[in-house]
Amino acid sequence: MEKVAVVTGGVRGIGYGIAKRMAEDGYLVAVMDINVSDTYKENIEGLKEFNQKNFFFKGSITDSSDRKEFIDLVVKTFGHIDVLVNNAGVAPKIRKDILEMTEESFDYVVGTNLKGTLFMSQLVANQMIKQPWAGKKRGTIINIGSASSTVSSPNRAEYCLSKAGVGMLTVVLADRLAAEGIMVHEVRPGVIDTDMTKVVHEKYSKMIEDGLFPIKRWGYPEDIADVVSLMCSDRFIYTTGNYIDVDGGFHIKRM
């Protein structure tokens with residue numbers, strides 16, 4: 001029986017890198033994303049080159065009806081879900097000092113990155129619990145967090161807070177779901193070359209050149225996808241509730 005992976009925010013950047021790698025690994029892939037512009041049609045069609053059954057669903061993880069419609073469609077189409085990758089997320093539309101941050105911006109970022117991720121996980125976890133074990137486990141949930149969960153950025157505090165929340169969500173879900181045979185992990189990307197980092201590309205490039213990152217290069221979506229691939233495999237089954245920094249060593253404390 002073919003395994004099924006659900007990837008949110010999967011039409012570009014890190015999400016597409018993950019969706020593509022899952023397809024390469026032989027998974028049937030269902031992608032949910034709010035973006036449907038012509039810019040990403042090539043990526044959407046690219047997934048079908050691996051398997052014509054792979055599909056895209058337009059929707060937002062912040063909308064409960066979108067979440068339910070999407071997961072119902074996945075189960076109706078494929079019969080089960082083996083992997084959920086919670087990648088969908090947003091940054092503040094306008095960066096502002098924490099003393100000037102608006103409630104609207106807080107609700108937008110936290111509502112997407114934390115609340116949306118929580119309730120998508122809840123929906124999929126309940127589906128996985130209904131399913132029989134597939135080999136050594138029943139399913140895998142992977143949350144895409146951020147180095148910002150532990151690194152302060154006062155001009156985008158809502159993002160840091162949302163990703164710190166994702167870290168605890170990973171722990172709580174792992175605790176609750178381990179007995180059900182569902183493993184929960186988190187990947188914390190650092191500076192990854194995507195559309196989201198274009199606005200600060202020059203700033204981060206200089207930081208890399210100045211040696212702030214032990215591995216002196218930008219990270220790429222493929223770097224994240226490689227770790228996700230490992231976490232989904234049966235080579236990663238005696239750990240849960242943990243995270244891996246994929247940040248070029250940025251997390252290392254130096255004297």
# chains A, B, ... in the order shown; residues from 1 in each chain; ligands from 1

$ residues_around --residues "region 146-157 of chain A" --least-positions-apart "5" --cutoff "12 Å" --atoms "only C-alpha atoms" --output "PyMOL selection string"
chain A and resi 14+87+89-103+105-106+109-110+113-114+162-168+186-192+224+243-253

$ residues_around --residues "Phe78 (chain A)" --least-positions-apart "4" --cutoff "9 Å" --atoms "only C-alpha atoms" --output "PyMOL selection string"
chain A and resi 2-4+28+53+73-74

$ write_last_selection --atoms "N, CA, C and O atoms" --output "CSV table (one decimal), in the first residue's frame"
chain,number,residue,atom,x,y,z
A,2,GLU,N,0.6,2.2,-0.9
A,2,GLU,CA,1.4,3.4,-1.0
A,2,GLU,C,1.1,4.3,0.2
A,2,GLU,O,0.0,4.4,0.7
A,3,LYS,N,2.2,4.9,0.7
A,3,LYS,CA,2.1,5.8,1.8
A,3,LYS,C,1.7,7.2,1.3
A,3,LYS,O,2.0,7.6,0.2
A,4,VAL,N,1.0,8.0,2.2
A,4,VAL,CA,0.4,9.3,1.8
A,4,VAL,C,1.0,10.4,2.7
A,4,VAL,O,1.0,10.2,4.0
A,28,LEU,N,2.5,9.3,-2.0
A,28,LEU,CA,1.4,10.0,-2.7
A,28,LEU,C,1.3,11.3,-1.9
A,28,LEU,O,1.3,11.3,-0.7
A,53,LYS,N,-1.6,11.0,-9.3
A,53,LYS,CA,-2.6,11.1,-8.2
A,53,LYS,C,-2.3,12.2,-7.3
A,53,LYS,O,-3.2,12.7,-6.6
A,73,LEU,N,-11.0,15.2,1.7
A,73,LEU,CA,-10.7,14.9,0.3
A,73,LEU,C,-9.5,13.9,0.2
A,73,LEU,O,-9.5,13.0,-0.6
A,74,VAL,N,-8.5,14.2,1.1
A,74,VAL,CA,-7.3,13.3,1.1
A,74,VAL,C,-7.7,11.9,1.4
A,74,VAL,O,-7.3,10.9,0.8

$ closest_residue --among "A:Gly15, A:Ile142, A:Gly26, A:Lys68" --to "Tyr220 (chain A)" --atoms "only C-alpha atoms"
A:Gly15

$ residues_around --residues "Val124 (chain A)" --least-positions-apart "4" --cutoff "8 Å" --atoms "only C-alpha atoms" --output "PyMOL selection string"
chain A and resi 71+81+84+120+128

$ write_last_selection --atoms "C-alpha atoms" --output "short mmCIF file (atom, residue, chain, number, x, y, z; two decimals), in the first residue's frame"
data_model
loop_
_atom_site.label_atom_id
_atom_site.label_comp_id
_atom_site.auth_asym_id
_atom_site.auth_seq_id
_atom_site.Cartn_x
_atom_site.Cartn_y
_atom_site.Cartn_z
CA ILE A 71 -8.46 16.26 4.91
CA ILE A 81 -2.70 9.58 5.90
CA LEU A 84 1.52 15.41 8.02
CA MET A 120 -4.62 20.85 11.45
CA MET A 128 -4.42 8.56 12.06
#

$ closest_residue --among "A:Asp66, A:Asp82, A:Asp175, A:Glu49" --to "Ile34 (chain A)" --atoms "only C-alpha atoms"
A:Asp66

$ closest_residue --among "A:Val85, A:Leu212, A:Ile44, A:Ile61" --to "Val227 (chain A)" --atoms "only C-alpha atoms"
A:Val85

$ residues_around --residues "region 130-134 of chain A" --least-positions-apart "3" --cutoff "8 Å" --atoms "only C-alpha atoms" --output "PyMOL selection string"
chain A and resi 80+82+126-127+137-139+181

$ select_by_dssp --residues "region 23-229 of chain A" --states "strand (DSSP E)" --output "PDB file with all heavy atoms, in the first residue's frame"
ATOM      1  N   LEU A  28       2.463   9.261  -2.021  1.00  0.00           N
ATOM      2  CA  LEU A  28       1.422  10.040  -2.671  1.00  0.00           C
ATOM      3  C   LEU A  28       1.340  11.350  -1.887  1.00  0.00           C
ATOM      4  O   LEU A  28       1.328  11.323  -0.653  1.00  0.00           O
ATOM      5  CB  LEU A  28       0.081   9.306  -2.627  1.00  0.00           C
ATOM      6  CG  LEU A  28       0.008   7.998  -3.415  1.00  0.00           C
ATOM      7  CD1 LEU A  28      -1.300   7.274  -3.112  1.00  0.00           C
ATOM      8  CD2 LEU A  28       0.145   8.260  -4.904  1.00  0.00           C
ATOM      9  N   VAL A  29       1.291  12.475  -2.582  1.00  0.00           N
ATOM     10  CA  VAL A  29       1.409  13.769  -1.910  1.00  0.00           C
ATOM     11  C   VAL A  29       0.190  14.641  -2.182  1.00  0.00           C
ATOM     12  O   VAL A  29      -0.224  14.829  -3.330  1.00  0.00           O
ATOM     13  CB  VAL A  29       2.680  14.514  -2.374  1.00  0.00           C
ATOM     14  CG1 VAL A  29       2.784  15.860  -1.665  1.00  0.00           C
ATOM     15  CG2 VAL A  29       3.921  13.674  -2.105  1.00  0.00           C
ATOM     16  N   ALA A  30      -0.377  15.172  -1.109  1.00  0.00           N
ATOM     17  CA  ALA A  30      -1.463  16.137  -1.198  1.00  0.00           C
ATOM     18  C   ALA A  30      -0.982  17.444  -0.573  1.00  0.00           C
ATOM     19  O   ALA A  30      -0.537  17.459   0.577  1.00  0.00           O
ATOM     20  CB  ALA A  30      -2.700  15.626  -0.469  1.00  0.00           C
ATOM     21  N   VAL A  31      -1.064  18.511  -1.336  1.00  0.00           N
ATOM     22  CA  VAL A  31      -0.568  19.818  -0.893  1.00  0.00           C
ATOM     23  C   VAL A  31      -1.738  20.772  -0.692  1.00  0.00           C
ATOM     24  O   VAL A  31      -2.635  20.860  -1.536  1.00  0.00           O
ATOM     25  CB  VAL A  31       0.405  20.411  -1.934  1.00  0.00           C
ATOM     26  CG1 VAL A  31       0.702  21.873  -1.633  1.00  0.00           C
ATOM     27  CG2 VAL A  31       1.697  19.602  -1.976  1.00  0.00           C
ATOM     28  N   MET A  32      -1.696  21.484   0.423  1.00  0.00           N
ATOM     29  CA  MET A  32      -2.677  22.540   0.672  1.00  0.00           C
ATOM     30  C   MET A  32      -1.935  23.860   0.768  1.00  0.00           C
ATOM     31  O   MET A  32      -0.936  23.974   1.473  1.00  0.00           O
ATOM     32  CB  MET A  32      -3.435  22.276   1.978  1.00  0.00           C
ATOM     33  CG  MET A  32      -4.449  23.343   2.341  1.00  0.00           C
ATOM     34  SD  MET A  32      -5.233  22.950   3.932  1.00  0.00           S
ATOM     35  CE  MET A  32      -6.457  24.239   4.057  1.00  0.00           C
ATOM     36  N   ASP A  33      -2.424  24.859   0.041  1.00  0.00           N
ATOM     37  CA  ASP A  33      -1.773  26.168   0.057  1.00  0.00           C
ATOM     38  C   ASP A  33      -2.785  27.225  -0.351  1.00  0.00           C
ATOM     39  O   ASP A  33      -3.701  26.949  -1.124  1.00  0.00           O
ATOM     40  CB  ASP A  33      -0.575  26.184  -0.896  1.00  0.00           C
ATOM     41  CG  ASP A  33       0.470  27.235  -0.515  1.00  0.00           C
ATOM     42  OD1 ASP A  33       0.090  28.414  -0.352  1.00  0.00           O
ATOM     43  OD2 ASP A  33       1.646  26.880  -0.392  1.00  0.00           O
ATOM     44  N   PHE A  55      -2.008  15.759  -5.736  1.00  0.00           N
ATOM     45  CA  PHE A  55      -2.899  16.873  -6.043  1.00  0.00           C
ATOM     46  C   PHE A  55      -2.685  18.081  -5.120  1.00  0.00           C
ATOM     47  O   PHE A  55      -2.062  17.985  -4.066  1.00  0.00           O
ATOM     48  CB  PHE A  55      -4.366  16.418  -6.006  1.00  0.00           C
ATOM     49  CG  PHE A  55      -4.923  16.137  -4.629  1.00  0.00           C
ATOM     50  CD1 PHE A  55      -5.524  17.132  -3.882  1.00  0.00           C
ATOM     51  CD2 PHE A  55      -4.869  14.854  -4.100  1.00  0.00           C
ATOM     52  CE1 PHE A  55      -6.056  16.868  -2.627  1.00  0.00           C
ATOM     53  CE2 PHE A  55      -5.402  14.572  -2.850  1.00  0.00           C
ATOM     54  CZ  PHE A  55      -5.994  15.592  -2.114  1.00  0.00           C
ATOM     55  N   PHE A  56      -3.230  19.196  -5.572  1.00  0.00           N
ATOM     56  CA  PHE A  56      -3.156  20.471  -4.862  1.00  0.00           C
ATOM     57  C   PHE A  56      -4.565  20.904  -4.471  1.00  0.00           C
ATOM     58  O   PHE A  56      -5.513  20.744  -5.237  1.00  0.00           O
ATOM     59  CB  PHE A  56      -2.514  21.525  -5.762  1.00  0.00           C
ATOM     60  CG  PHE A  56      -2.695  22.934  -5.272  1.00  0.00           C
ATOM     61  CD1 PHE A  56      -1.882  23.445  -4.259  1.00  0.00           C
ATOM     62  CD2 PHE A  56      -3.676  23.747  -5.810  1.00  0.00           C
ATOM     63  CE1 PHE A  56      -2.059  24.730  -3.790  1.00  0.00           C
ATOM     64  CE2 PHE A  56      -3.856  25.044  -5.348  1.00  0.00           C
ATOM     65  CZ  PHE A  56      -3.044  25.542  -4.338  1.00  0.00           C
ATOM     66  N   PHE A  57      -4.679  21.463  -3.271  1.00  0.00           N
ATOM     67  CA  PHE A  57      -5.958  21.975  -2.777  1.00  0.00           C
ATOM     68  C   PHE A  57      -5.756  23.418  -2.331  1.00  0.00           C
ATOM     69  O   PHE A  57      -4.869  23.704  -1.531  1.00  0.00           O
ATOM     70  CB  PHE A  57      -6.448  21.128  -1.601  1.00  0.00           C
ATOM     71  CG  PHE A  57      -7.729  21.606  -0.976  1.00  0.00           C
ATOM     72  CD1 PHE A  57      -8.962  21.145  -1.431  1.00  0.00           C
ATOM     73  CD2 PHE A  57      -7.708  22.510   0.084  1.00  0.00           C
ATOM     74  CE1 PHE A  57     -10.144  21.575  -0.837  1.00  0.00           C
ATOM     75  CE2 PHE A  57      -8.883  22.941   0.686  1.00  0.00           C
ATOM     76  CZ  PHE A  57     -10.107  22.471   0.218  1.00  0.00           C
ATOM     77  N   LYS A  58      -6.566  24.325  -2.853  1.00  0.00           N
ATOM     78  CA  LYS A  58      -6.469  25.728  -2.442  1.00  0.00           C
ATOM     79  C   LYS A  58      -7.251  25.943  -1.155  1.00  0.00           C
ATOM     80  O   LYS A  58      -8.461  25.706  -1.101  1.00  0.00           O
ATOM     81  CB  LYS A  58      -7.015  26.664  -3.525  1.00  0.00           C
ATOM     82  CG  LYS A  58      -6.879  28.148  -3.164  1.00  0.00           C
ATOM     83  CD  LYS A  58      -7.488  29.031  -4.246  1.00  0.00           C
ATOM     84  CE  LYS A  58      -7.293  30.506  -3.929  1.00  0.00           C
ATOM     85  NZ  LYS A  58      -7.919  30.938  -2.665  1.00  0.00           N
ATOM     86  N   VAL A  83       1.677  10.741   6.863  1.00  0.00           N
ATOM     87  CA  VAL A  83       2.549  11.841   7.267  1.00  0.00           C
ATOM     88  C   VAL A  83       1.822  13.172   7.115  1.00  0.00           C
ATOM     89  O   VAL A  83       1.155  13.410   6.103  1.00  0.00           O
ATOM     90  CB  VAL A  83       3.835  11.876   6.405  1.00  0.00           C
ATOM     91  CG1 VAL A  83       4.644  13.146   6.695  1.00  0.00           C
ATOM     92  CG2 VAL A  83       4.684  10.641   6.644  1.00  0.00           C
ATOM     93  N   LEU A  84       1.954  14.019   8.120  1.00  0.00           N
ATOM     94  CA  LEU A  84       1.521  15.412   8.023  1.00  0.00           C
ATOM     95  C   LEU A  84       2.742  16.293   8.257  1.00  0.00           C
ATOM     96  O   LEU A  84       3.418  16.161   9.278  1.00  0.00           O
ATOM     97  CB  LEU A  84       0.453  15.739   9.072  1.00  0.00           C
ATOM     98  CG  LEU A  84       0.166  17.244   9.276  1.00  0.00           C
ATOM     99  CD1 LEU A  84      -0.420  17.870   8.009  1.00  0.00           C
ATOM    100  CD2 LEU A  84      -0.758  17.462  10.478  1.00  0.00           C
ATOM    101  N   VAL A  85       3.027  17.172   7.310  1.00  0.00           N
ATOM    102  CA  VAL A  85       4.082  18.160   7.500  1.00  0.00           C
ATOM    103  C   VAL A  85       3.429  19.527   7.596  1.00  0.00           C
ATOM    104  O   VAL A  85       2.887  20.047   6.612  1.00  0.00           O
ATOM    105  CB  VAL A  85       5.111  18.143   6.349  1.00  0.00           C
ATOM    106  CG1 VAL A  85       6.215  19.171   6.636  1.00  0.00           C
ATOM    107  CG2 VAL A  85       5.716  16.759   6.187  1.00  0.00           C
ATOM    108  N   ASN A  86       3.458  20.101   8.789  1.00  0.00           N
ATOM    109  CA  ASN A  86       2.895  21.427   9.030  1.00  0.00           C
ATOM    110  C   ASN A  86       3.929  22.486   8.669  1.00  0.00           C
ATOM    111  O   ASN A  86       4.714  22.930   9.496  1.00  0.00           O
ATOM    112  CB  ASN A  86       2.500  21.566  10.502  1.00  0.00           C
ATOM    113  CG  ASN A  86       1.249  20.811  10.857  1.00  0.00           C
ATOM    114  OD1 ASN A  86       0.212  20.960  10.205  1.00  0.00           O
ATOM    115  ND2 ASN A  86       1.323  19.977  11.889  1.00  0.00           N
ATOM    116  N   GLY A 139       1.806   6.704  12.271  1.00  0.00           N
ATOM    117  CA  GLY A 139       1.912   7.939  11.503  1.00  0.00           C
ATOM    118  C   GLY A 139       3.002   8.847  12.039  1.00  0.00           C
ATOM    119  O   GLY A 139       3.595   8.583  13.096  1.00  0.00           O
ATOM    120  N   THR A 140       3.250   9.919  11.301  1.00  0.00           N
ATOM    121  CA  THR A 140       4.266  10.895  11.686  1.00  0.00           C
ATOM    122  C   THR A 140       3.731  12.299  11.446  1.00  0.00           C
ATOM    123  O   THR A 140       3.158  12.571  10.383  1.00  0.00           O
ATOM    124  CB  THR A 140       5.558  10.715  10.852  1.00  0.00           C
ATOM    125  OG1 THR A 140       6.027   9.373  10.988  1.00  0.00           O
ATOM    126  CG2 THR A 140       6.643  11.679  11.313  1.00  0.00           C
ATOM    127  N   ILE A 141       3.924  13.171  12.419  1.00  0.00           N
ATOM    128  CA  ILE A 141       3.586  14.586  12.270  1.00  0.00           C
ATOM    129  C   ILE A 141       4.869  15.379  12.447  1.00  0.00           C
ATOM    130  O   ILE A 141       5.596  15.192  13.434  1.00  0.00           O
ATOM    131  CB  ILE A 141       2.534  15.037  13.300  1.00  0.00           C
ATOM    132  CG1 ILE A 141       1.214  14.310  13.052  1.00  0.00           C
ATOM    133  CG2 ILE A 141       2.335  16.561  13.235  1.00  0.00           C
ATOM    134  CD1 ILE A 141       0.147  14.583  14.109  1.00  0.00           C
ATOM    135  N   ILE A 142       5.159  16.257  11.498  1.00  0.00           N
ATOM    136  CA  ILE A 142       6.363  17.080  11.568  1.00  0.00           C
ATOM    137  C   ILE A 142       5.978  18.547  11.483  1.00  0.00           C
ATOM    138  O   ILE A 142       5.301  18.971  10.529  1.00  0.00           O
ATOM    139  CB  ILE A 142       7.346  16.719  10.437  1.00  0.00           C
ATOM    140  CG1 ILE A 142       7.794  15.269  10.577  1.00  0.00           C
ATOM    141  CG2 ILE A 142       8.551  17.667  10.452  1.00  0.00           C
ATOM    142  CD1 ILE A 142       8.638  14.763   9.438  1.00  0.00           C
ATOM    143  N   ASN A 143       6.394  19.302  12.467  1.00  0.00           N
ATOM    144  CA  ASN A 143       6.147  20.737  12.488  1.00  0.00           C
ATOM    145  C   ASN A 143       7.398  21.488  12.028  1.00  0.00           C
ATOM    146  O   ASN A 143       8.497  21.201  12.506  1.00  0.00           O
ATOM    147  CB  ASN A 143       5.776  21.203  13.895  1.00  0.00           C
ATOM    148  CG  ASN A 143       4.485  20.593  14.389  1.00  0.00           C
ATOM    149  OD1 ASN A 143       3.543  20.410  13.616  1.00  0.00           O
ATOM    150  ND2 ASN A 143       4.419  20.273  15.674  1.00  0.00           N
ATOM    151  N   ILE A 144       7.226  22.424  11.121  1.00  0.00           N
ATOM    152  CA  ILE A 144       8.340  23.263  10.699  1.00  0.00           C
ATOM    153  C   ILE A 144       8.357  24.500  11.588  1.00  0.00           C
ATOM    154  O   ILE A 144       7.506  25.386  11.472  1.00  0.00           O
ATOM    155  CB  ILE A 144       8.235  23.658   9.218  1.00  0.00           C
ATOM    156  CG1 ILE A 144       8.114  22.401   8.344  1.00  0.00           C
ATOM    157  CG2 ILE A 144       9.454  24.483   8.811  1.00  0.00           C
ATOM    158  CD1 ILE A 144       9.271  21.414   8.482  1.00  0.00           C
ATOM    159  N   ILE A 182       2.042   7.322  16.975  1.00  0.00           N
ATOM    160  CA  ILE A 182       2.245   8.496  16.109  1.00  0.00           C
ATOM    161  C   ILE A 182       3.416   9.299  16.654  1.00  0.00           C
ATOM    162  O   ILE A 182       3.380   9.776  17.796  1.00  0.00           O
ATOM    163  CB  ILE A 182       0.975   9.373  16.051  1.00  0.00           C
ATOM    164  CG1 ILE A 182      -0.204   8.545  15.517  1.00  0.00           C
ATOM    165  CG2 ILE A 182       1.217  10.609  15.185  1.00  0.00           C
ATOM    166  CD1 ILE A 182      -1.548   9.228  15.666  1.00  0.00           C
ATOM    167  N   MET A 183       4.450   9.429  15.852  1.00  0.00           N
ATOM    168  CA  MET A 183       5.637  10.178  16.256  1.00  0.00           C
ATOM    169  C   MET A 183       5.490  11.639  15.832  1.00  0.00           C
ATOM    170  O   MET A 183       4.967  11.939  14.743  1.00  0.00           O
ATOM    171  CB  MET A 183       6.892   9.592  15.603  1.00  0.00           C
ATOM    172  CG  MET A 183       7.126   8.105  15.880  1.00  0.00           C
ATOM    173  SD  MET A 183       7.410   7.713  17.625  1.00  0.00           S
ATOM    174  CE  MET A 183       5.819   7.000  18.092  1.00  0.00           C
ATOM    175  N   VAL A 184       5.957  12.546  16.675  1.00  0.00           N
ATOM    176  CA  VAL A 184       5.861  13.980  16.386  1.00  0.00           C
ATOM    177  C   VAL A 184       7.245  14.609  16.522  1.00  0.00           C
ATOM    178  O   VAL A 184       7.910  14.445  17.548  1.00  0.00           O
ATOM    179  CB  VAL A 184       4.873  14.681  17.343  1.00  0.00           C
ATOM    180  CG1 VAL A 184       4.677  16.145  16.920  1.00  0.00           C
ATOM    181  CG2 VAL A 184       3.521  13.962  17.365  1.00  0.00           C
ATOM    182  N   HIS A 185       7.662  15.305  15.485  1.00  0.00           N
ATOM    183  CA  HIS A 185       8.988  15.922  15.459  1.00  0.00           C
ATOM    184  C   HIS A 185       8.894  17.364  14.986  1.00  0.00           C
ATOM    185  O   HIS A 185       7.870  17.787  14.432  1.00  0.00           O
ATOM    186  CB  HIS A 185       9.919  15.160  14.514  1.00  0.00           C
ATOM    187  CG  HIS A 185       9.922  13.681  14.712  1.00  0.00           C
ATOM    188  ND1 HIS A 185      10.383  13.088  15.862  1.00  0.00           N
ATOM    189  CD2 HIS A 185       9.507  12.659  13.900  1.00  0.00           C
ATOM    190  CE1 HIS A 185      10.272  11.765  15.753  1.00  0.00           C
ATOM    191  NE2 HIS A 185       9.735  11.491  14.582  1.00  0.00           N
ATOM    192  N   GLU A 186       9.985  18.091  15.189  1.00  0.00           N
ATOM    193  CA  GLU A 186      10.050  19.480  14.736  1.00  0.00           C
ATOM    194  C   GLU A 186      11.382  19.721  14.037  1.00  0.00           C
ATOM    195  O   GLU A 186      12.422  19.220  14.467  1.00  0.00           O
ATOM    196  CB  GLU A 186       9.922  20.433  15.935  1.00  0.00           C
ATOM    197  CG  GLU A 186       9.971  21.903  15.555  1.00  0.00           C
ATOM    198  CD  GLU A 186      10.024  22.826  16.769  1.00  0.00           C
ATOM    199  OE1 GLU A 186      10.003  22.323  17.918  1.00  0.00           O
ATOM    200  OE2 GLU A 186      10.118  24.052  16.581  1.00  0.00           O
ATOM    201  N   VAL A 187      11.326  20.482  12.954  1.00  0.00           N
ATOM    202  CA  VAL A 187      12.533  20.951  12.275  1.00  0.00           C
ATOM    203  C   VAL A 187      12.589  22.458  12.442  1.00  0.00           C
ATOM    204  O   VAL A 187      11.588  23.145  12.198  1.00  0.00           O
ATOM    205  CB  VAL A 187      12.517  20.588  10.774  1.00  0.00           C
ATOM    206  CG1 VAL A 187      13.795  21.087  10.101  1.00  0.00           C
ATOM    207  CG2 VAL A 187      12.377  19.086  10.575  1.00  0.00           C
ATOM    208  N   ARG A 188      13.744  22.956  12.866  1.00  0.00           N
ATOM    209  CA  ARG A 188      13.906  24.400  13.055  1.00  0.00           C
ATOM    210  C   ARG A 188      14.876  24.956  12.018  1.00  0.00           C
ATOM    211  O   ARG A 188      16.092  24.939  12.212  1.00  0.00           O
ATOM    212  CB  ARG A 188      14.403  24.702  14.468  1.00  0.00           C
ATOM    213  CG  ARG A 188      13.366  24.380  15.528  1.00  0.00           C
ATOM    214  CD  ARG A 188      13.815  24.770  16.919  1.00  0.00           C
ATOM    215  NE  ARG A 188      12.795  24.421  17.902  1.00  0.00           N
ATOM    216  CZ  ARG A 188      12.928  24.565  19.209  1.00  0.00           C
ATOM    217  NH1 ARG A 188      14.063  25.051  19.715  1.00  0.00           N
ATOM    218  NH2 ARG A 188      11.949  24.219  20.031  1.00  0.00           N
ATOM    219  N   PRO A 189      14.353  25.469  10.912  1.00  0.00           N
ATOM    220  CA  PRO A 189      15.223  26.059   9.901  1.00  0.00           C
ATOM    221  C   PRO A 189      15.865  27.345  10.404  1.00  0.00           C
ATOM    222  O   PRO A 189      15.306  28.062  11.235  1.00  0.00           O
ATOM    223  CB  PRO A 189      14.276  26.361   8.734  1.00  0.00           C
ATOM    224  CG  PRO A 189      13.051  25.534   9.002  1.00  0.00           C
ATOM    225  CD  PRO A 189      12.948  25.454  10.488  1.00  0.00           C
TER     226      PRO A 189
END

$ atom_distance --atom1 "CA of Pro214 (chain A)" --atom2 "CA of Arg254 (chain A)"
10.2 Å

$ closest_residue --among "A:Ile237, A:Asp193, A:Val6, A:Tyr40" --to "Asp223 (chain A)" --atoms "only C-alpha atoms"
A:Asp193

$ select_by_dssp --residues "region 3-202 of chain A" --states "alpha helix (DSSP H)" --output "PyMOL selection string"
chain A and resi 13-24+41-48+64-78+103-110+117-130+157-177+201-202

$ residues_around --residues "Asp226 (chain A)" --least-positions-apart "5" --cutoff "10 Å" --atoms "only C-alpha atoms" --output "VMD selection string"
chain A and resid 17 to 18 21 to 22 221 231

$ atom_distance --atom1 "CA of Asp25 (chain A)" --atom2 "CA of Val75 (chain A)"
20.1 Å

$ closest_residue --among "A:Ala19, A:Gly59, A:Asn242, A:Ser64" --to "Asn43 (chain A)" --atoms "only C-alpha atoms"
A:Ala19
